[in-house]
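Trainee: If you scroll down you'll find the structure; I have some questions about it.
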Amino acid sequence: MLAKLSTRPATRRCTGVGAVALTLLGAGLPAAGTGPPQPDLSRFYRQKIVWSACDGPDMPADLQCGKVTVPLDYARPGVGTLDVALARYRATGKSRGSVLLNFGGPGGAGINELAFGGKDFMGLTNGYDVVTFDPRGVGRSSPVSCGNGADEAYAATEDGAAVGDPRAVLEKVRKAAAECAAHSGPVLPYIGTVNVSRDLDVMRQALGDKKLNYLGFSYGTRLGAVYAAQFPGKVGRLVLDGVDTLTESPAEQGIAGATGQQTALDDFLDWCVADISCPFGQDRRAAGERIVQLVHSLDADPVPTPYGDRYSGQDLVGAIGQGLYSRDLWPLLERALAALVEDGDTRGVENLTSGGIALPAGRSGDGGLVGADEVPPDNLPAALMAVNCADDPDRPGAAQIVEELRRLRGPYEQASAVFGRYRLTQLVMCYGRPRGTDFIRDRVKNLHTPKLLLIGTRGDPATPYRWTVETAARLGPSAVVLDNKNEGHTGYSSSTCVHRKVDDFLLYGSLPANGSSCGADRVPVVN
């Protein structure tokens, strides 16, 4: 997952899927079965992608863009269609086809990520066209939005009110869900990983590939696992880096996430106190206490921002979480915290949460692609919630949620005095949305596919290493685990060892031994 991001629309970055996926046979076209008649999807599987230069400011000249058309509802393809945006770098040598990338989220737009962060993947062009996409509801592919009317609910969940007055917050979240439905257009009821996986198979066929070669990060590992369950006969070389859970409830995920983030914060503070510029001093124990005090003081008395808002401790927790995603961000996080502690300047920590990006507001289209300047500013959090809720079959009532918040407050705060409360409030975010699919929990297991490479990082703040081990056991003998003994979220872009082993597998089919490891081989972080 891009992870459990802040859901405040101004700062950046559910429905159920009613029908489970239909198995596609042969060359990818639907085959007649002995059961109920299957919908005719042949027109979607016969399309070819027309590539051209990408529109948008500062797009690389050698990046090409295209699209595929997919049904809104695979069970009822006549209901409507939408276009899914794709981008690729062409293979530099002899191509063995395409490798598709998903960078995570849910809600992350792949095209911008490949356009402006694609250098890490250029080695793969030695054998592949490197392709990515904006999933349905994301980026240029019919982006969902919750509009300005959802701001109050976002703020309520972020400032911890769900703990103090949960029923009032639940009512705001319910109204926000209605706002999301009103602003998102026809795509919202058909969002979710099960349908995105179906889209992925249409892309595979349109690219001319008999098998899917795939590299997925964080949430992209959930997508890859769902694809392998739906289309086991179409699996080529699949790599899952930063493995998401397939079975844990939101409550269980929250505790695991708080624990993982606390571990990453501890690693950051170990590094920070060795530097004279660390805003929390050079005493490690005192530094841990001071950061907890800072969060509590800002919750009690939020400080004004240059933009006219109030910045709370829970806002800061969200920013710290983003700064812990990569060791490369630690110097930036240290400087942003120093500016806040020493000068009351919130700009640095706010930029950590927003990525410095605020896109102009737009509207969801009628199924066609939208321009880069039409993507709503809240698309990332809106899509994150929509997909996560669509993938979650649990819909407890208000009374059960209130009791769960009361019961779990202690365990969450024990997991992390900094991140526990922030994570706990996220338990309310699917309230008021339709029940999600149970396909992932019930059917993504015991796969019969070619070998899959799963990578877990020991110091990952978002996808704990144990999720890699648990998911591998669930998927069965097809899963091969690579243990990355480093910090940060995912391993491909931060570990030269992981990078090499992934490229060797994707390019040459060379798999590391199950249970083998990569040591701490990254370049030291410099302030």
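Numbering starts fresh at 1 for the residues of each chain in the structure tokens, the chains themselves are lettered A, B, ... in the order given, and ligands are numbered from 1 as they appear.
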If you run DSSP on the backbone, which residues of range 153-213 of chain A are alpha helix (DSSP H), as a PDB file with C-alpha atoms, in the first residue's frame?
Mentor:
ATOM      1  CA  ALA A 153     -15.188  14.042   8.170  1.00  0.00           C
ATOM      2  CA  TYR A 154     -11.553  13.786   7.109  1.00  0.00           C
ATOM      3  CA  ALA A 155     -10.561  16.348   9.728  1.00  0.00           C
ATOM      4  CA  ALA A 156     -12.653  14.653  12.407  1.00  0.00           C
ATOM      5  CA  THR A 157     -10.955  11.308  11.932  1.00  0.00           C
ATOM      6  CA  GLU A 158      -7.488  12.834  11.800  1.00  0.00           C
ATOM      7  CA  ALA A 161     -12.328  12.799  17.617  1.00  0.00           C
ATOM      8  CA  ALA A 162     -13.284   9.232  16.710  1.00  0.00           C
ATOM      9  CA  VAL A 163     -11.887   8.222  20.085  1.00  0.00           C
ATOM     10  CA  GLY A 164     -13.611  10.948  22.113  1.00  0.00           C
ATOM     11  CA  PRO A 166     -17.210   8.256  17.983  1.00  0.00           C
ATOM     12  CA  ARG A 167     -20.913   8.437  17.166  1.00  0.00           C
ATOM     13  CA  ALA A 168     -20.641  12.033  15.978  1.00  0.00           C
ATOM     14  CA  VAL A 169     -17.683  11.115  13.796  1.00  0.00           C
ATOM     15  CA  LEU A 170     -19.497   8.084  12.370  1.00  0.00           C
ATOM     16  CA  GLU A 171     -22.324  10.326  11.270  1.00  0.00           C
ATOM     17  CA  LYS A 172     -19.856  12.636   9.521  1.00  0.00           C
ATOM     18  CA  VAL A 173     -18.172   9.667   7.848  1.00  0.00           C
ATOM     19  CA  ARG A 174     -21.543   8.371   6.662  1.00  0.00           C
ATOM     20  CA  LYS A 175     -22.329  11.742   5.095  1.00  0.00           C
ATOM     21  CA  ALA A 176     -18.855  11.817   3.566  1.00  0.00           C
ATOM     22  CA  ALA A 177     -19.498   8.444   1.925  1.00  0.00           C
ATOM     23  CA  ALA A 178     -22.579   9.938   0.289  1.00  0.00           C
ATOM     24  CA  GLU A 179     -20.470  12.889  -0.909  1.00  0.00           C
ATOM     25  CA  CYS A 180     -17.957  10.468  -2.430  1.00  0.00           C
ATOM     26  CA  ALA A 181     -20.735   8.680  -4.305  1.00  0.00           C
ATOM     27  CA  ALA A 182     -22.117  11.978  -5.571  1.00  0.00           C
ATOM     28  CA  HIS A 183     -18.752  13.254  -6.850  1.00  0.00           C
ATOM     29  CA  SER A 184     -17.216  10.070  -8.254  1.00  0.00           C
ATOM     30  CA  THR A 193      -8.890  -4.979  -6.687  1.00  0.00           C
ATOM     31  CA  VAL A 194     -10.975  -7.801  -8.154  1.00  0.00           C
ATOM     32  CA  ASN A 195     -12.011  -5.603 -11.086  1.00  0.00           C
ATOM     33  CA  VAL A 196      -8.578  -3.991 -11.453  1.00  0.00           C
ATOM     34  CA  SER A 197      -7.155  -7.499 -11.780  1.00  0.00           C
ATOM     35  CA  ARG A 198      -9.629  -8.169 -14.599  1.00  0.00           C
ATOM     36  CA  ASP A 199      -8.451  -4.937 -16.241  1.00  0.00           C
ATOM     37  CA  LEU A 200      -4.873  -6.152 -15.877  1.00  0.00           C
ATOM     38  CA  ASP A 201      -5.678  -9.246 -17.919  1.00  0.00           C
ATOM     39  CA  VAL A 202      -7.255  -7.141 -20.669  1.00  0.00           C
ATOM     40  CA  MET A 203      -4.029  -5.094 -20.730  1.00  0.00           C
ATOM     41  CA  ARG A 204      -1.945  -8.264 -20.953  1.00  0.00           C
ATOM     42  CA  GLN A 205      -3.864  -9.412 -24.013  1.00  0.00           C
ATOM     43  CA  ALA A 206      -3.840  -5.960 -25.642  1.00  0.00           C
TER      44      ALA A 206
END
Trainee: Write out as a PyMOL selection string the residues lying within 9 Å of Ser142 in chain A, counting only C-alpha atoms and excluding same-chain residues fewer than 3 positions away.
Mentor: chain A and resi 82-84+135-139+184-187+363-370+375
Trainee: Hey, can you spit out that residue selection with C-alpha atoms as a PDB file, in the first residue's frame?
Mentor:
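This went into selection.pdb:
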ATOM      1  CA  LEU A  82     -14.218   3.182 -19.088  1.00  0.00           C
ATOM      2  CA  ASP A  83     -10.754   3.832 -20.471  1.00  0.00           C
ATOM      3  CA  VAL A  84      -7.648   2.867 -18.513  1.00  0.00           C
ATOM      4  CA  PRO A 135      -6.044   1.905 -12.324  1.00  0.00           C
ATOM      5  CA  ARG A 136      -9.771   2.521 -12.659  1.00  0.00           C
ATOM      6  CA  GLY A 137     -10.795   5.427 -10.456  1.00  0.00           C
ATOM      7  CA  VAL A 138      -7.232   6.728 -10.243  1.00  0.00           C
ATOM      8  CA  GLY A 139      -5.310   9.477 -12.021  1.00  0.00           C
ATOM      9  CA  SER A 184     -17.216  10.070  -8.254  1.00  0.00           C
ATOM     10  CA  GLY A 185     -19.518   9.178 -11.106  1.00  0.00           C
ATOM     11  CA  PRO A 186     -20.426   5.721 -12.397  1.00  0.00           C
ATOM     12  CA  VAL A 187     -17.042   4.106 -11.713  1.00  0.00           C
ATOM     13  CA  ARG A 363     -14.576  16.243 -12.367  1.00  0.00           C
ATOM     14  CA  SER A 364     -14.912  12.580 -13.123  1.00  0.00           C
ATOM     15  CA  GLY A 365     -15.512  11.972 -16.800  1.00  0.00           C
ATOM     16  CA  ASP A 366     -17.947   9.747 -18.660  1.00  0.00           C
ATOM     17  CA  GLY A 367     -15.505   6.866 -18.952  1.00  0.00           C
ATOM     18  CA  GLY A 368     -12.959   8.587 -21.167  1.00  0.00           C
ATOM     19  CA  LEU A 369      -9.513   9.604 -19.960  1.00  0.00           C
ATOM     20  CA  VAL A 370      -9.143  12.951 -18.218  1.00  0.00           C
ATOM     21  CA  VAL A 375      -7.464  15.025 -11.720  1.00  0.00           C
TER      22      VAL A 375
END
Trainee: May I have the residues within 7 Å of range 473-477 of chain A as a short mmCIF file (atom, residue, chain, number, x, y, z; two decimals) with N, CA, C and O atoms, in the first residue's frame, using only C-alpha atoms and disregarding those fewer than 6 positions away in the same chain?
Mentor:
data_model
loop_
_atom_site.label_atom_id
_atom_site.label_comp_id
_atom_site.auth_asym_id
_atom_site.auth_seq_id
_atom_site.Cartn_x
_atom_site.Cartn_y
_atom_site.Cartn_z
N LYS A 445 -5.61 -18.08 -2.28
CA LYS A 445 -4.84 -19.01 -1.47
C LYS A 445 -4.59 -20.28 -2.28
O LYS A 445 -5.26 -20.53 -3.29
N ASN A 446 -3.59 -21.04 -1.83
CA ASN A 446 -3.29 -22.36 -2.42
C ASN A 446 -3.21 -22.29 -3.95
O ASN A 446 -3.90 -23.01 -4.67
N LEU A 447 -2.34 -21.39 -4.42
CA LEU A 447 -2.24 -21.16 -5.86
C LEU A 447 -1.48 -22.28 -6.56
O LEU A 447 -0.56 -22.87 -5.99
#
Trainee: Env of range 59-73 of chain A: 10 Å cut, atoms = only C-alpha atoms, seq-sep filter 6 positions within chain, self excluded. Answer as a PyMOL selection string.
Mentor: chain A and resi 17-19+41+43-45+47-53+79-90+111-112+114-116+118+130-134+136+141+186-191+195-196+198-200+202-203+206-207+367-369
Trainee: Within 10 Å of range 503-506 of chain A, counting only C-alpha atoms, which residues show up once you throw out same-chain ones fewer than 4 positions away? Write them as number ranges by chain, please.
Mentor: A: 99, 121, 123-124, 126-128, 213-215, 236-239, 452-453, 492, 498-499, 510-512
Trainee: Please provide the set of residues having any atom within 8 Å of range 274-289 of chain A, restricted to only C-alpha atoms, with same-chain residues fewer than 6 positions apart removed, written as a list in words.
Mentor: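 Skipping anything fewer than 6 positions along the chain leaves Asp266, Glu334, Leu337, Ala338, Val341 and Glu342 of chain A.
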Trainee: Would you kindly return, as a VMD selection string, each protein, DNA or RNA residue with an atom no farther than 10 Å from any atom of range 392-404 of chain A, considering only C-alpha atoms and excluding same-chain residues fewer than 3 positions away?
Mentor: chain A and resid 14 to 17 162 to 163 165 to 167 170 to 171 192 247 to 251 387 to 389 407 to 409 424 427 to 428 430 to 441
Trainee: Go through range 382-435 of chain A residue by residue and, counting only C-alpha atoms, keep those with an atom at most 8 Å from range 316-319 of chain A; for each kept residue give the shortest atom pair and its distance in Å to one decimal, ordered by chain and increasing number, as a Markdown table.
Mentor:
| residue | atom | partner | partner_atom | distance |
| --- | --- | --- | --- | --- |
| A:Val418 | CA | A:Val317 | CA | 6.8 |
| A:Phe419 | CA | A:Val317 | CA | 6.5 |
| A:Tyr422 | CA | A:Val317 | CA | 7.1 |
Trainee: Given the choices A:Gly260, A:Pro376, A:Pro37, A:Gly456, which gets closest to Arg140 in chain A if the distance is worked out from only C-alpha atoms?
Mentor: A:Pro376
Trainee: Work out how far CA of His448 in chain A is from CA of Pro232 in chain A, in Å to one decimal.
Mentor: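 Pair CA of Pro232 in chain A / CA of His448 in chain A returns 6.5 Å.
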Trainee: Using backbone DSSP assignments, extract all strand (DSSP E) residues from range 173-347 of chain A; output them as a tab-separated table (two decimals) with all heavy atoms, in the first residue's frame.
Mentor:
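Final output, states11.tsv:
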chain	number	residue	atom	x	y	z
A	212	LEU	N	1.42	-12.86	-18.10
A	212	LEU	CA	1.64	-11.58	-17.43
A	212	LEU	C	2.96	-11.61	-16.67
A	212	LEU	O	3.15	-12.43	-15.76
A	212	LEU	CB	0.50	-11.27	-16.46
A	212	LEU	CG	0.69	-9.98	-15.65
A	212	LEU	CD1	0.50	-8.76	-16.55
A	212	LEU	CD2	-0.27	-9.92	-14.47
A	213	ASN	N	3.86	-10.71	-17.02
A	213	ASN	CA	5.06	-10.44	-16.23
A	213	ASN	C	4.80	-9.16	-15.46
A	213	ASN	O	4.36	-8.16	-16.04
A	213	ASN	CB	6.28	-10.30	-17.14
A	213	ASN	CG	6.50	-11.55	-17.97
A	213	ASN	OD1	6.65	-12.64	-17.45
A	213	ASN	ND2	6.50	-11.39	-19.30
A	214	TYR	N	5.10	-9.16	-14.17
A	214	TYR	CA	4.53	-8.12	-13.30
A	214	TYR	C	5.46	-7.85	-12.12
A	214	TYR	O	6.05	-8.77	-11.55
A	214	TYR	CB	3.17	-8.61	-12.79
A	214	TYR	CG	2.47	-7.71	-11.81
A	214	TYR	CD1	1.72	-6.62	-12.25
A	214	TYR	CD2	2.52	-7.97	-10.44
A	214	TYR	CE1	1.04	-5.81	-11.34
A	214	TYR	CE2	1.84	-7.17	-9.53
A	214	TYR	CZ	1.10	-6.08	-10.00
A	214	TYR	OH	0.44	-5.29	-9.10
A	215	LEU	N	5.56	-6.56	-11.78
A	215	LEU	CA	6.29	-6.13	-10.59
A	215	LEU	C	5.38	-5.19	-9.82
A	215	LEU	O	5.05	-4.09	-10.29
A	215	LEU	CB	7.59	-5.41	-11.00
A	215	LEU	CG	8.41	-4.74	-9.89
A	215	LEU	CD1	8.75	-5.70	-8.77
A	215	LEU	CD2	9.69	-4.13	-10.49
A	216	GLY	N	4.94	-5.63	-8.63
A	216	GLY	CA	4.01	-4.84	-7.83
A	216	GLY	C	4.60	-4.51	-6.48
A	216	GLY	O	5.25	-5.35	-5.84
A	217	PHE	N	4.34	-3.29	-6.02
A	217	PHE	CA	4.86	-2.80	-4.75
A	217	PHE	C	3.70	-2.52	-3.79
A	217	PHE	O	2.70	-1.93	-4.17
A	217	PHE	CB	5.66	-1.51	-4.95
A	217	PHE	CG	6.84	-1.66	-5.86
A	217	PHE	CD1	6.75	-1.34	-7.21
A	217	PHE	CD2	8.05	-2.14	-5.37
A	217	PHE	CE1	7.83	-1.47	-8.05
A	217	PHE	CE2	9.15	-2.28	-6.21
A	217	PHE	CZ	9.03	-1.95	-7.56
A	235	VAL	N	-0.12	-16.59	-15.53
A	235	VAL	CA	0.97	-16.05	-14.72
A	235	VAL	C	2.31	-16.34	-15.39
A	235	VAL	O	2.63	-17.49	-15.71
A	235	VAL	CB	0.95	-16.65	-13.30
A	235	VAL	CG1	2.21	-16.27	-12.53
A	235	VAL	CG2	-0.30	-16.19	-12.55
A	236	GLY	N	3.09	-15.26	-15.62
A	236	GLY	CA	4.45	-15.40	-16.10
A	236	GLY	C	5.41	-15.28	-14.94
A	236	GLY	O	5.42	-16.10	-14.03
A	237	ARG	N	6.20	-14.21	-14.95
A	237	ARG	CA	7.12	-13.93	-13.84
A	237	ARG	C	6.55	-12.79	-13.01
A	237	ARG	O	6.51	-11.64	-13.46
A	237	ARG	CB	8.51	-13.59	-14.40
A	237	ARG	CG	9.13	-14.75	-15.17
A	237	ARG	CD	10.39	-14.36	-15.90
A	237	ARG	NE	10.88	-15.50	-16.69
A	237	ARG	CZ	11.88	-15.44	-17.57
A	237	ARG	NH1	12.53	-14.28	-17.77
A	237	ARG	NH2	12.25	-16.51	-18.24
A	238	LEU	N	6.11	-13.10	-11.81
A	238	LEU	CA	5.48	-12.13	-10.92
A	238	LEU	C	6.36	-11.88	-9.71
A	238	LEU	O	6.83	-12.83	-9.07
A	238	LEU	CB	4.11	-12.63	-10.44
A	238	LEU	CG	2.87	-12.11	-11.21
A	238	LEU	CD1	2.91	-12.62	-12.64
A	238	LEU	CD2	1.58	-12.53	-10.52
A	239	VAL	N	6.56	-10.59	-9.40
A	239	VAL	CA	7.34	-10.17	-8.24
A	239	VAL	C	6.46	-9.30	-7.36
A	239	VAL	O	5.84	-8.34	-7.85
A	239	VAL	CB	8.60	-9.39	-8.64
A	239	VAL	CG1	9.38	-8.96	-7.40
A	239	VAL	CG2	9.48	-10.23	-9.58
A	240	LEU	N	6.41	-9.61	-6.07
A	240	LEU	CA	5.61	-8.86	-5.10
A	240	LEU	C	6.56	-8.32	-4.03
A	240	LEU	O	7.11	-9.08	-3.25
A	240	LEU	CB	4.54	-9.77	-4.48
A	240	LEU	CG	3.70	-10.60	-5.47
A	240	LEU	CD1	2.69	-11.45	-4.69
A	240	LEU	CD2	3.00	-9.71	-6.48
A	241	ASP	N	6.73	-7.00	-3.98
A	241	ASP	CA	7.71	-6.35	-3.10
A	241	ASP	C	6.99	-5.48	-2.09
A	241	ASP	O	6.31	-4.51	-2.45
A	241	ASP	CB	8.67	-5.51	-3.96
A	241	ASP	CG	9.80	-4.88	-3.15
A	241	ASP	OD1	9.89	-5.13	-1.94
A	241	ASP	OD2	10.59	-4.12	-3.75
A	303	VAL	N	-1.15	24.54	16.08
A	303	VAL	CA	-0.50	25.80	15.70
A	303	VAL	C	-1.03	26.26	14.35
A	303	VAL	O	-1.43	25.44	13.52
A	303	VAL	CB	1.03	25.65	15.65
A	303	VAL	CG1	1.58	25.30	17.02
A	303	VAL	CG2	1.45	24.60	14.63
A	304	PRO	N	-1.04	27.56	14.11
A	304	PRO	CA	-1.51	28.06	12.81
A	304	PRO	C	-0.52	27.73	11.70
A	304	PRO	O	0.69	27.64	11.93
A	304	PRO	CB	-1.61	29.57	13.03
A	304	PRO	CG	-0.67	29.86	14.16
A	304	PRO	CD	-0.69	28.65	15.04
A	310	ARG	N	-5.19	25.01	11.09
A	310	ARG	CA	-4.56	24.68	12.36
A	310	ARG	C	-3.89	23.32	12.20
A	310	ARG	O	-4.48	22.39	11.67
A	310	ARG	CB	-5.58	24.64	13.50
A	310	ARG	CG	-6.41	25.91	13.65
A	310	ARG	CD	-5.63	27.06	14.23
A	310	ARG	NE	-5.25	26.84	15.61
A	310	ARG	CZ	-4.55	27.72	16.34
A	310	ARG	NH1	-4.12	28.85	15.79
A	310	ARG	NH2	-4.25	27.45	17.59
A	311	TYR	N	-2.67	23.20	12.68
A	311	TYR	CA	-1.89	21.98	12.50
A	311	TYR	C	-1.82	21.24	13.82
A	311	TYR	O	-1.26	21.72	14.81
A	311	TYR	CB	-0.48	22.33	12.01
A	311	TYR	CG	0.27	21.16	11.42
A	311	TYR	CD1	0.02	20.77	10.11
A	311	TYR	CD2	1.20	20.44	12.16
A	311	TYR	CE1	0.70	19.70	9.54
A	311	TYR	CE2	1.88	19.37	11.61
A	311	TYR	CZ	1.62	19.01	10.30
A	311	TYR	OH	2.29	17.95	9.75
